[in-house]
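Okay, structure_29.cif now, which holds mmCIF, C-alpha atoms, pLDDT in the B column; chains and numbers go by the auth columns:
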data_final
#
loop_
_atom_site.group_PDB
_atom_site.id
_atom_site.type_symbol
_atom_site.label_atom_id
_atom_site.label_comp_id
_atom_site.label_asym_id
_atom_site.label_seq_id
_atom_site.Cartn_x
_atom_site.Cartn_y
_atom_site.Cartn_z
_atom_site.B_iso_or_equiv
_atom_site.auth_seq_id
_atom_site.auth_asym_id
ATOM 1 C CA ASP A 1 7.764 22.950 -11.148 68.00 1306 A
ATOM 2 C CA GLN A 2 6.516 23.909 -7.714 80.00 1307 A
ATOM 3 C CA GLN A 3 5.153 20.826 -5.977 91.00 1308 A
ATOM 4 C CA VAL A 4 3.812 22.692 -2.946 94.00 1309 A
ATOM 5 C CA LYS A 5 1.969 25.913 -3.633 95.00 1310 A
ATOM 6 C CA GLN A 6 0.735 28.592 -1.309 95.00 1311 A
ATOM 7 C CA ASN A 7 -1.100 30.852 -3.708 92.00 1312 A
ATOM 8 C CA SER A 8 -1.757 33.696 -1.290 94.00 1313 A
ATOM 9 C CA PRO A 9 1.455 35.602 -0.502 93.00 1314 A
ATOM 10 C CA SER A 10 -0.403 37.505 2.204 96.00 1315 A
ATOM 11 C CA LEU A 11 -3.640 37.372 4.162 97.00 1316 A
ATOM 12 C CA SER A 12 -5.175 39.982 6.442 98.00 1317 A
ATOM 13 C CA VAL A 13 -7.669 38.884 9.139 98.00 1318 A
ATOM 14 C CA GLN A 14 -9.359 40.745 11.942 98.00 1319 A
ATOM 15 C CA GLU A 15 -8.464 39.777 15.497 98.00 1320 A
ATOM 16 C CA GLY A 16 -10.895 37.224 16.913 97.00 1321 A
ATOM 17 C CA ARG A 17 -11.954 35.934 13.502 98.00 1322 A
ATOM 18 C CA ILE A 18 -10.900 32.709 11.791 98.00 1323 A
ATOM 19 C CA SER A 19 -7.713 32.651 9.699 98.00 1324 A
ATOM 20 C CA ILE A 20 -7.615 30.086 6.902 98.00 1325 A
ATOM 21 C CA LEU A 21 -4.340 29.447 5.154 98.00 1326 A
ATOM 22 C CA ASN A 22 -4.359 27.245 2.092 98.00 1327 A
ATOM 23 C CA CYS A 23 -1.834 24.952 0.491 97.00 1328 A
ATOM 24 C CA ASP A 24 -2.042 22.855 -2.684 97.00 1329 A
ATOM 25 C CA TYR A 25 0.304 20.095 -3.772 96.00 1330 A
ATOM 26 C CA THR A 26 0.844 18.208 -6.974 95.00 1331 A
ATOM 27 C CA ASN A 27 2.846 15.137 -5.931 90.00 1332 A
ATOM 28 C CA SER A 28 0.461 12.294 -5.117 91.00 1333 A
ATOM 29 C CA MET A 29 3.316 10.532 -3.311 89.00 1334 A
ATOM 30 C CA PHE A 30 3.281 13.080 -0.504 91.00 1335 A
ATOM 31 C CA ASP A 31 2.310 11.290 2.672 88.00 1336 A
ATOM 32 C CA TYR A 32 2.952 13.734 5.485 90.00 1337 A
ATOM 33 C CA PHE A 33 2.216 17.426 5.763 93.00 1338 A
ATOM 34 C CA LEU A 34 3.434 20.098 8.135 92.00 1339 A
ATOM 35 C CA TRP A 35 2.937 23.756 8.910 95.00 1340 A
ATOM 36 C CA TYR A 36 5.705 26.009 10.185 94.00 1341 A
ATOM 37 C CA LYS A 37 5.413 29.534 11.504 95.00 1342 A
ATOM 38 C CA LYS A 38 8.129 32.159 11.105 92.00 1343 A
ATOM 39 C CA TYR A 39 8.566 35.486 12.825 92.00 1344 A
ATOM 40 C CA PRO A 40 10.962 38.092 11.370 87.00 1345 A
ATOM 41 C CA ALA A 41 14.607 37.516 12.302 81.00 1346 A
ATOM 42 C CA GLU A 42 13.787 34.046 13.660 85.00 1347 A
ATOM 43 C CA GLY A 43 13.850 30.592 12.137 87.00 1348 A
ATOM 44 C CA PRO A 44 10.619 28.731 11.320 89.00 1349 A
ATOM 45 C CA THR A 45 8.904 26.940 14.193 89.00 1350 A
ATOM 46 C CA PHE A 46 7.075 23.661 13.770 88.00 1351 A
ATOM 47 C CA LEU A 47 3.371 24.236 14.343 94.00 1352 A
ATOM 48 C CA ILE A 48 1.279 21.216 13.456 94.00 1353 A
ATOM 49 C CA SER A 49 1.363 18.198 11.165 92.00 1354 A
ATOM 50 C CA ILE A 50 -0.964 15.655 9.619 94.00 1355 A
ATOM 51 C CA SER A 51 -0.487 12.224 8.157 91.00 1356 A
ATOM 52 C CA SER A 52 -2.272 11.193 4.979 91.00 1357 A
ATOM 53 C CA ILE A 53 -4.265 8.605 6.885 92.00 1358 A
ATOM 54 C CA LYS A 54 -6.121 11.419 8.640 93.00 1359 A
ATOM 55 C CA ASP A 55 -8.210 14.269 7.330 95.00 1360 A
ATOM 56 C CA LYS A 56 -8.029 16.487 10.395 97.00 1361 A
ATOM 57 C CA ASN A 57 -5.656 17.232 13.235 96.00 1362 A
ATOM 58 C CA GLU A 58 -6.258 19.706 16.045 97.00 1363 A
ATOM 59 C CA ASP A 59 -3.921 21.375 18.489 96.00 1364 A
ATOM 60 C CA GLY A 60 -5.532 24.091 20.539 97.00 1365 A
ATOM 61 C CA ARG A 61 -6.488 26.999 18.290 98.00 1366 A
ATOM 62 C CA PHE A 62 -4.851 25.343 15.279 98.00 1367 A
ATOM 63 C CA THR A 63 -6.522 22.765 13.055 98.00 1368 A
ATOM 64 C CA VAL A 64 -5.138 21.323 9.842 98.00 1369 A
ATOM 65 C CA PHE A 65 -7.485 19.769 7.301 98.00 1370 A
ATOM 66 C CA LEU A 66 -6.330 17.473 4.525 97.00 1371 A
ATOM 67 C CA ASN A 67 -8.290 16.711 1.363 96.00 1372 A
ATOM 68 C CA LYS A 68 -6.243 14.081 -0.455 95.00 1373 A
ATOM 69 C CA SER A 69 -8.525 13.812 -3.460 95.00 1374 A
ATOM 70 C CA ALA A 70 -8.174 17.549 -4.062 96.00 1375 A
ATOM 71 C CA LYS A 71 -4.496 17.566 -3.036 96.00 1376 A
ATOM 72 C CA HIS A 72 -5.281 20.422 -0.724 97.00 1377 A
ATOM 73 C CA LEU A 73 -4.645 21.214 2.899 97.00 1378 A
ATOM 74 C CA SER A 74 -5.582 24.158 5.020 98.00 1379 A
ATOM 75 C CA LEU A 75 -4.639 25.566 8.387 98.00 1380 A
ATOM 76 C CA HIS A 76 -7.395 27.122 10.484 98.00 1381 A
ATOM 77 C CA ILE A 77 -6.596 29.420 13.378 98.00 1382 A
ATOM 78 C CA VAL A 78 -9.506 30.194 15.676 98.00 1383 A
ATOM 79 C CA PRO A 79 -9.677 32.752 17.165 98.00 1384 A
ATOM 80 C CA SER A 80 -6.906 34.730 15.526 98.00 1385 A
ATOM 81 C CA GLN A 81 -4.668 36.678 17.872 97.00 1386 A
ATOM 82 C CA PRO A 82 -2.136 39.466 17.227 96.00 1387 A
ATOM 83 C CA GLY A 83 0.734 37.081 18.029 96.00 1388 A
ATOM 84 C CA ASP A 84 -0.349 34.924 15.105 97.00 1389 A
ATOM 85 C CA SER A 85 0.962 37.550 12.688 98.00 1390 A
ATOM 86 C CA ALA A 86 3.815 35.731 10.963 97.00 1391 A
ATOM 87 C CA VAL A 87 4.753 33.919 7.771 95.00 1392 A
ATOM 88 C CA TYR A 88 3.311 30.407 7.567 97.00 1393 A
ATOM 89 C CA PHE A 89 5.013 27.723 5.502 95.00 1394 A
ATOM 90 C CA CYS A 90 3.319 24.574 4.329 95.00 1395 A
ATOM 91 C CA ALA A 91 5.595 21.545 3.796 93.00 1396 A
ATOM 92 C CA ALA A 92 5.056 18.045 2.475 92.00 1397 A
ATOM 93 C CA SER A 93 7.009 14.801 2.363 87.00 1398 A
ATOM 94 C CA PRO A 94 6.569 11.369 0.795 83.00 1399 A
ATOM 95 C CA TYR A 95 7.979 9.831 3.968 74.00 1400 A
ATOM 96 C CA SER A 96 5.734 9.564 6.971 65.00 1401 A
ATOM 97 C CA GLY A 97 8.668 8.241 8.952 61.00 1402 A
ATOM 98 C CA GLY A 98 10.616 11.472 8.955 61.00 1403 A
ATOM 99 C CA GLY A 99 13.846 12.684 7.429 61.00 1404 A
ATOM 100 C CA ALA A 100 14.460 16.216 6.282 60.00 1405 A
ATOM 101 C CA ASP A 101 15.463 15.236 2.760 63.00 1406 A
ATOM 102 C CA GLY A 102 11.934 14.579 1.674 69.00 1407 A
ATOM 103 C CA LEU A 103 10.522 17.921 2.777 81.00 1408 A
ATOM 104 C CA THR A 104 9.271 20.276 0.094 88.00 1409 A
ATOM 105 C CA PHE A 105 8.198 23.704 1.259 90.00 1410 A
ATOM 106 C CA GLY A 106 5.767 26.235 -0.116 93.00 1411 A
ATOM 107 C CA LYS A 107 6.860 29.847 -0.453 91.00 1412 A
ATOM 108 C CA GLY A 108 4.858 30.973 2.539 93.00 1413 A
ATOM 109 C CA THR A 109 1.836 33.135 3.344 96.00 1414 A
ATOM 110 C CA HIS A 110 2.242 36.274 5.411 96.00 1415 A
ATOM 111 C CA LEU A 111 -0.661 36.404 7.871 98.00 1416 A
ATOM 112 C CA ILE A 112 -1.470 39.828 9.300 98.00 1417 A
ATOM 113 C CA ILE A 113 -3.894 40.029 12.202 98.00 1418 A
ATOM 114 C CA GLN A 114 -5.614 43.398 12.331 96.00 1419 A
ATOM 115 C CA PRO A 115 -6.699 44.747 15.765 92.00 1420 A
ATOM 116 C CA LYS B 1 17.473 24.650 26.935 60.00 146 B
ATOM 117 C CA ALA B 2 19.443 26.822 24.496 74.00 147 B
ATOM 118 C CA GLY B 3 18.095 26.967 20.948 90.00 148 B
ATOM 119 C CA VAL B 4 19.852 26.436 17.650 95.00 149 B
ATOM 120 C CA THR B 5 22.536 29.025 17.101 96.00 150 B
ATOM 121 C CA GLN B 6 24.014 30.106 13.814 97.00 151 B
ATOM 122 C CA THR B 7 27.070 32.217 13.176 97.00 152 B
ATOM 123 C CA PRO B 8 27.606 34.656 11.728 97.00 153 B
ATOM 124 C CA ARG B 9 24.165 36.240 11.466 96.00 154 B
ATOM 125 C CA TYR B 10 25.100 38.463 8.541 96.00 155 B
ATOM 126 C CA LEU B 11 27.787 38.134 5.926 96.00 156 B
ATOM 127 C CA ILE B 12 28.776 40.067 2.825 97.00 157 B
ATOM 128 C CA LYS B 13 31.047 38.404 0.293 97.00 158 B
ATOM 129 C CA THR B 14 32.079 39.089 -3.283 97.00 159 B
ATOM 130 C CA ARG B 15 31.646 36.794 -6.261 97.00 160 B
ATOM 131 C CA GLY B 16 34.230 34.067 -6.481 97.00 161 B
ATOM 132 C CA GLN B 17 34.959 33.968 -2.770 98.00 162 B
ATOM 133 C CA GLN B 18 34.066 31.119 -0.483 98.00 163 B
ATOM 134 C CA VAL B 19 32.156 31.168 2.776 98.00 164 B
ATOM 135 C CA THR B 20 31.708 28.905 5.792 98.00 165 B
ATOM 136 C CA LEU B 21 28.616 29.053 7.962 98.00 166 B
ATOM 137 C CA SER B 22 28.311 27.438 11.353 98.00 167 B
ATOM 138 C CA CYS B 23 25.414 25.821 13.203 98.00 168 B
ATOM 139 C CA SER B 24 25.234 24.598 16.780 97.00 169 B
ATOM 140 C CA PRO B 25 22.207 22.347 17.361 96.00 170 B
ATOM 141 C CA ILE B 26 20.177 22.027 20.507 94.00 171 B
ATOM 142 C CA SER B 27 22.008 19.920 23.060 93.00 172 B
ATOM 143 C CA GLY B 28 21.182 16.256 22.511 91.00 173 B
ATOM 144 C CA HIS B 29 20.023 16.708 18.937 91.00 174 B
ATOM 145 C CA ARG B 30 21.922 14.551 16.487 91.00 175 B
ATOM 146 C CA SER B 31 20.406 15.573 13.170 91.00 176 B
ATOM 147 C CA VAL B 32 21.253 18.862 11.492 93.00 177 B
ATOM 148 C CA SER B 33 19.681 20.021 8.264 92.00 178 B
ATOM 149 C CA TRP B 34 20.475 23.057 6.147 94.00 179 B
ATOM 150 C CA TYR B 35 18.052 25.054 4.026 93.00 180 B
ATOM 151 C CA GLN B 36 18.328 27.977 1.641 95.00 181 B
ATOM 152 C CA GLN B 37 15.564 30.552 1.667 91.00 182 B
ATOM 153 C CA THR B 38 15.141 33.008 -1.193 89.00 183 B
ATOM 154 C CA PRO B 39 12.114 35.122 -2.137 79.00 184 B
ATOM 155 C CA GLY B 40 11.828 33.422 -5.513 79.00 185 B
ATOM 156 C CA GLN B 41 12.298 29.788 -4.503 80.00 186 B
ATOM 157 C CA GLY B 42 11.110 29.764 -0.922 81.00 187 B
ATOM 158 C CA LEU B 43 12.685 27.300 1.473 86.00 188 B
ATOM 159 C CA GLN B 44 14.786 24.606 -0.188 89.00 189 B
ATOM 160 C CA PHE B 45 16.503 21.621 1.410 88.00 190 B
ATOM 161 C CA LEU B 46 20.286 21.626 1.063 92.00 191 B
ATOM 162 C CA PHE B 47 21.487 18.629 3.043 89.00 192 B
ATOM 163 C CA GLU B 48 21.064 16.672 6.249 90.00 193 B
ATOM 164 C CA TYR B 49 23.733 15.356 8.572 92.00 194 B
ATOM 165 C CA PHE B 50 23.325 12.670 11.167 91.00 195 B
ATOM 166 C CA SER B 51 26.104 11.078 13.183 90.00 196 B
ATOM 167 C CA GLU B 52 28.730 12.975 11.197 93.00 197 B
ATOM 168 C CA THR B 53 27.471 11.547 7.908 92.00 198 B
ATOM 169 C CA GLN B 54 25.654 13.326 5.137 90.00 199 B
ATOM 170 C CA ARG B 55 22.419 11.403 4.795 86.00 200 B
ATOM 171 C CA ASN B 56 20.863 13.267 1.930 82.00 201 B
ATOM 172 C CA LYS B 57 21.460 16.208 -0.327 86.00 202 B
ATOM 173 C CA GLY B 58 19.045 18.472 -2.150 86.00 203 B
ATOM 174 C CA ASN B 59 19.313 19.635 -5.718 87.00 204 B
ATOM 175 C CA PHE B 60 22.228 22.011 -5.353 93.00 205 B
ATOM 176 C CA PRO B 61 25.577 22.128 -7.183 95.00 206 B
ATOM 177 C CA GLY B 62 28.748 20.660 -5.752 95.00 207 B
ATOM 178 C CA ARG B 63 29.872 24.137 -4.677 97.00 208 B
ATOM 179 C CA PHE B 64 27.651 23.586 -1.661 97.00 209 B
ATOM 180 C CA SER B 65 29.116 21.224 0.889 96.00 210 B
ATOM 181 C CA GLY B 66 28.977 20.604 4.567 96.00 211 B
ATOM 182 C CA ARG B 67 30.132 18.511 7.442 96.00 212 B
ATOM 183 C CA GLN B 68 29.160 17.541 10.943 97.00 213 B
ATOM 184 C CA PHE B 69 31.445 17.141 13.908 96.00 214 B
ATOM 185 C CA SER B 70 31.315 14.603 16.708 95.00 215 B
ATOM 186 C CA ASN B 71 29.535 17.105 18.966 94.00 216 B
ATOM 187 C CA SER B 72 26.821 17.436 16.270 95.00 217 B
ATOM 188 C CA ARG B 73 27.861 20.964 15.357 97.00 218 B
ATOM 189 C CA SER B 74 27.734 21.496 11.621 97.00 219 B
ATOM 190 C CA GLU B 75 29.299 23.751 9.051 98.00 220 B
ATOM 191 C CA MET B 76 28.325 24.416 5.488 97.00 221 B
ATOM 192 C CA ASN B 77 30.636 25.775 2.856 98.00 222 B
ATOM 193 C CA VAL B 78 29.896 27.492 -0.414 98.00 223 B
ATOM 194 C CA SER B 79 32.792 27.896 -2.814 96.00 224 B
ATOM 195 C CA THR B 80 33.096 30.185 -5.823 97.00 225 B
ATOM 196 C CA LEU B 81 30.194 32.333 -4.715 98.00 226 B
ATOM 197 C CA GLU B 82 27.691 33.561 -7.276 97.00 227 B
ATOM 198 C CA LEU B 83 25.247 36.449 -7.005 96.00 228 B
ATOM 199 C CA GLY B 84 22.401 33.937 -6.901 95.00 229 B
ATOM 200 C CA ASP B 85 23.763 32.465 -3.684 97.00 230 B
ATOM 201 C CA SER B 86 22.528 35.518 -1.824 97.00 231 B
ATOM 202 C CA ALA B 87 19.959 34.093 0.567 96.00 232 B
ATOM 203 C CA LEU B 88 19.041 33.309 4.131 95.00 233 B
ATOM 204 C CA TYR B 89 20.664 30.032 5.153 97.00 234 B
ATOM 205 C CA LEU B 90 18.775 28.212 7.861 95.00 235 B
ATOM 206 C CA CYS B 91 19.972 25.377 9.993 95.00 236 B
ATOM 207 C CA ALA B 92 17.579 23.068 11.818 92.00 237 B
ATOM 208 C CA SER B 93 18.190 20.360 14.363 92.00 238 B
ATOM 209 C CA SER B 94 16.153 17.452 15.615 88.00 239 B
ATOM 210 C CA TRP B 95 16.869 14.721 18.098 85.00 240 B
ATOM 211 C CA ASP B 96 16.735 11.957 15.540 80.00 241 B
ATOM 212 C CA ARG B 97 16.243 11.454 11.817 74.00 242 B
ATOM 213 C CA ILE B 98 12.726 10.223 12.313 64.00 243 B
ATOM 214 C CA SER B 99 11.516 13.508 13.731 67.00 244 B
ATOM 215 C CA TYR B 100 9.992 16.203 11.609 72.00 245 B
ATOM 216 C CA GLU B 101 9.820 18.488 14.586 77.00 246 B
ATOM 217 C CA GLN B 102 12.857 20.401 13.608 84.00 247 B
ATOM 218 C CA TYR B 103 14.024 23.413 15.523 89.00 248 B
ATOM 219 C CA PHE B 104 15.369 26.151 13.325 92.00 249 B
ATOM 220 C CA GLY B 105 18.053 28.669 14.044 94.00 250 B
ATOM 221 C CA PRO B 106 17.640 32.358 13.158 93.00 251 B
ATOM 222 C CA GLY B 107 19.646 31.936 9.969 95.00 252 B
ATOM 223 C CA THR B 108 22.663 33.541 8.363 97.00 253 B
ATOM 224 C CA ARG B 109 21.913 36.266 5.837 96.00 254 B
ATOM 225 C CA LEU B 110 24.498 35.984 3.052 97.00 255 B
ATOM 226 C CA THR B 111 24.820 38.779 0.525 97.00 256 B
ATOM 227 C CA VAL B 112 27.042 38.252 -2.497 97.00 257 B
ATOM 228 C CA THR B 113 28.101 41.366 -4.380 97.00 258 B
#
Once you've parsed the file, please lay out its structure as structure tokens.
Amino acid sequence: DQQVKQNSPSLSVQEGRISILNCDYTNSMFDYFLWYKKYPAEGPTFLISISSIKDKNEDGRFTVFLNKSAKHLSLHIVPSQPGDSAVYFCAASPYSGGGADGLTFGKGTHLIIQP
Amino acid sequence: KAGVTQTPRYLIKTRGQQVTLSCSPISGHRSVSWYQQTPGQGLQFLFEYFSETQRNKGNFPGRFSGRQFSNSRSEMNVSTLELGDSALYLCASSWDRISYEQYFGPGTRLTVT
């Protein structure tokens, strides 16, 4: 049973517009959520995170929103740039204190930014 | 600062063989984690090492093992390879166990024929 789901395998967005990547989870014990970005032939890169005590976290063009009641989080990228084209992984953990063992990843969404 | 390095980058093995993959973390990082990435299962946690001790292991059979050396470098070993072990194996390092800000290496692409 997949506890972290990214239902869109791919997403195409025009340059300059907003990209919204979605992630749903089923485990109500998840307490900490992260987004990673992965370019081809490279490992994933940590992008942004959010704790369950918050509903929003911003870092420059990237904002993550968390809706605990709906068990849903989303990553907003505004404005989208060509360099944002990559695979984005959502991850969740029941431990806000860290530790890789608790991380459960989604299968990823391939974001394509069209010029 | 040099990033996480993994060797080899590509590997082809036959069923029944064993394989050892290597990971060198970022200098100063003490935690090394290993992940398996496949198209069907996505990214799955294999195990984490910290201070030469395995701290946790994911839901993988005993054929998957690893170790960490005193300089924090880590190796993972897969014995009696199966076709389903074909995957991208990623290593990630972080300065301490409490950090989620892991830095991933480029991975080792293992193909089992």
* What is the distance, in Å and to one decimal place, between CA of Thr253 (chain B) and CA of Ala232 (chain B)? ->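 Computing the Euclidean distance for CA of Thr253 (chain B) and CA of Ala232 (chain B) yields 8.3 Å.
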* Considering all atoms listed in the file, extract the chain B residues located within 10 Å of chain A and return them as an MDAnalysis selection string. => chainID B and resid 149 154 176:180 182:194 200:203 233:239 241:254
Quick one: residues within 9 Å of Ser167 (chain B), all atoms listed in the file, excluding same-chain residues fewer than 5 positions away - as a CSV table (one decimal) with C-alpha atoms, in the frame of the given file?
chain,number,residue,atom,x,y,z
B,150,THR,CA,22.5,29.0,17.1
B,151,GLN,CA,24.0,30.1,13.8
B,152,THR,CA,27.1,32.2,13.2
B,153,PRO,CA,27.6,34.7,11.7
B,218,ARG,CA,27.9,21.0,15.4
B,219,SER,CA,27.7,21.5,11.6
B,220,GLU,CA,29.3,23.8,9.1
B,221,MET,CA,28.3,24.4,5.5
B,222,ASN,CA,30.6,25.8,2.9
B,236,CYS,CA,20.0,25.4,10.0
B,253,THR,CA,22.7,33.5,8.4
* To do: On this file, the PyMOL selection byres ((chain A and resi 1363) around 12) gives some set of residues; write that set as a list in words.
  =>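 Written out, the selection comes to Leu1352, Ile1353, Ser1354, Ile1355, Lys1359, Asp1360, Lys1361, Asn1362, Asp1364, Gly1365, Arg1366, Phe1367, Thr1368, Val1369, Phe1370, Leu1371, Ser1379, Leu1380, His1381, Ile1382 and Val1383 of chain A.
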* Output check: residues returned by the PyMOL selection byres ((chain A and resi 1322) around 12), as a list of chain:residue names ->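 When the PyMOL selection byres ((chain A and resi 1322) around 12) is applied to the shown file, the picked residues are A:Ser1317, A:Val1318, A:Gln1319, A:Glu1320, A:Gly1321, A:Ile1323, A:Ser1324, A:Ile1325, A:Arg1366, A:His1381, A:Ile1382, A:Val1383, A:Pro1384, A:Ser1385, A:Gln1386, A:Pro1387, A:Asp1389, A:Ile1417, A:Ile1418, A:Gln1419, A:Pro1420.
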* Neighbours of Asn1312 (chain A) within 9 Å (all atoms listed in the file; same-chain residues fewer than 2 positions away dropped), as number ranges by chain? -> A: 1310, 1314-1315, 1327-1329, 1412-1414
Could you please take those selected residues and save C-alpha atoms as a short mmCIF file (atom, residue, chain, number, x, y, z; two decimals), in the coordinates of the input?
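The file below, again-v3.cif, is the result:
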data_model
loop_
_atom_site.label_atom_id
_atom_site.label_comp_id
_atom_site.auth_asym_id
_atom_site.auth_seq_id
_atom_site.Cartn_x
_atom_site.Cartn_y
_atom_site.Cartn_z
CA LYS A 1310 1.97 25.91 -3.63
CA PRO A 1314 1.46 35.60 -0.50
CA SER A 1315 -0.40 37.51 2.20
CA ASN A 1327 -4.36 27.24 2.09
CA CYS A 1328 -1.83 24.95 0.49
CA ASP A 1329 -2.04 22.86 -2.68
CA LYS A 1412 6.86 29.85 -0.45
CA GLY A 1413 4.86 30.97 2.54
CA THR A 1414 1.84 33.14 3.34
#
Report, as AutoDock Vina command-line options, the axis-aligned box around all atoms of region 223-229 of chain B present in the file, extended by 5 Å on each side; give centre and edge lengths in Å to one decimal place.
--center_x 27.7 --center_y 32.0 --center_z -3.8 --size_x 20.7 --size_y 19.0 --size_z 16.9
* CA of Leu1416 (chain A) to CA of Ile171 (chain B): how many Å, to one decimal? ->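 Separation of CA of Leu1416 (chain A) and CA of Ile171 (chain B): 28.3 Å.
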* Asked: If you count all atoms listed in the file, which residues fall within 12 Å of Asp230 (chain B), apart from same-chain ones fewer than 3 positions away, as a VMD selection string?
  -> chain B and resid 156 to 164 181 to 183 186 205 to 206 208 to 209 222 to 227 233 to 234 254 to 258
Assuming the input is short of atoms at region 1412-1419 of chain A, produce all heavy atoms for that part as an mmCIF file, in the frame of the given file.
data_model
loop_
_atom_site.group_PDB
_atom_site.id
_atom_site.type_symbol
_atom_site.label_atom_id
_atom_site.label_comp_id
_atom_site.auth_asym_id
_atom_site.auth_seq_id
_atom_site.Cartn_x
_atom_site.Cartn_y
_atom_site.Cartn_z
ATOM 1 N N LYS A 1412 6.141 28.578 -0.579
ATOM 2 C CA LYS A 1412 6.860 29.847 -0.453
ATOM 3 C C LYS A 1412 6.373 30.691 0.707
ATOM 4 O O LYS A 1412 6.952 31.735 1.011
ATOM 5 C CB LYS A 1412 6.770 30.639 -1.757
ATOM 6 C CG LYS A 1412 7.514 29.980 -2.901
ATOM 7 C CD LYS A 1412 7.532 30.857 -4.136
ATOM 8 C CE LYS A 1412 8.284 30.160 -5.256
ATOM 9 N NZ LYS A 1412 8.358 30.989 -6.472
ATOM 10 N N GLY A 1413 5.311 30.283 1.351
ATOM 11 C CA GLY A 1413 4.858 30.973 2.539
ATOM 12 C C GLY A 1413 3.714 31.937 2.296
ATOM 13 O O GLY A 1413 3.539 32.476 1.197
ATOM 14 N N THR A 1414 2.915 32.137 3.340
ATOM 15 C CA THR A 1414 1.836 33.135 3.344
ATOM 16 C C THR A 1414 2.036 34.018 4.555
ATOM 17 O O THR A 1414 2.180 33.521 5.679
ATOM 18 C CB THR A 1414 0.450 32.461 3.432
ATOM 19 O OG1 THR A 1414 0.214 31.691 2.268
ATOM 20 C CG2 THR A 1414 -0.651 33.524 3.572
ATOM 21 N N HIS A 1415 2.067 35.322 4.317
ATOM 22 C CA HIS A 1415 2.242 36.274 5.411
ATOM 23 C C HIS A 1415 0.868 36.610 5.982
ATOM 24 O O HIS A 1415 0.047 37.253 5.321
ATOM 25 C CB HIS A 1415 2.935 37.535 4.902
ATOM 26 C CG HIS A 1415 3.264 38.507 5.984
ATOM 27 N ND1 HIS A 1415 3.652 39.807 5.726
ATOM 28 C CD2 HIS A 1415 3.264 38.380 7.330
ATOM 29 C CE1 HIS A 1415 3.875 40.441 6.865
ATOM 30 N NE2 HIS A 1415 3.649 39.600 7.856
ATOM 31 N N LEU A 1416 0.610 36.143 7.202
ATOM 32 C CA LEU A 1416 -0.661 36.404 7.871
ATOM 33 C C LEU A 1416 -0.529 37.660 8.732
ATOM 34 O O LEU A 1416 0.398 37.768 9.547
ATOM 35 C CB LEU A 1416 -1.053 35.211 8.752
ATOM 36 C CG LEU A 1416 -2.304 35.373 9.604
ATOM 37 C CD1 LEU A 1416 -3.530 35.529 8.708
ATOM 38 C CD2 LEU A 1416 -2.481 34.187 10.547
ATOM 39 N N ILE A 1417 -1.461 38.579 8.528
ATOM 40 C CA ILE A 1417 -1.470 39.828 9.300
ATOM 41 C C ILE A 1417 -2.779 39.886 10.058
ATOM 42 O O ILE A 1417 -3.864 39.838 9.447
ATOM 43 C CB ILE A 1417 -1.346 41.048 8.365
ATOM 44 C CG1 ILE A 1417 -0.051 40.954 7.553
ATOM 45 C CG2 ILE A 1417 -1.374 42.354 9.171
ATOM 46 C CD1 ILE A 1417 -0.064 41.829 6.322
ATOM 47 N N ILE A 1418 -2.696 39.956 11.376
ATOM 48 C CA ILE A 1418 -3.894 40.029 12.202
ATOM 49 C C ILE A 1418 -4.138 41.496 12.556
ATOM 50 O O ILE A 1418 -3.310 42.145 13.208
ATOM 51 C CB ILE A 1418 -3.756 39.191 13.492
ATOM 52 C CG1 ILE A 1418 -3.407 37.745 13.137
ATOM 53 C CG2 ILE A 1418 -5.057 39.260 14.298
ATOM 54 C CD1 ILE A 1418 -4.405 37.042 12.249
ATOM 55 N N GLN A 1419 -5.263 41.998 12.108
ATOM 56 C CA GLN A 1419 -5.614 43.398 12.331
ATOM 57 C C GLN A 1419 -6.363 43.551 13.660
ATOM 58 O O GLN A 1419 -7.244 42.752 13.960
ATOM 59 C CB GLN A 1419 -6.551 43.880 11.199
ATOM 60 C CG GLN A 1419 -6.028 43.641 9.799
ATOM 61 C CD GLN A 1419 -5.240 44.805 9.273
ATOM 62 O OE1 GLN A 1419 -5.020 45.771 9.996
ATOM 63 N NE2 GLN A 1419 -4.827 44.735 8.027
#
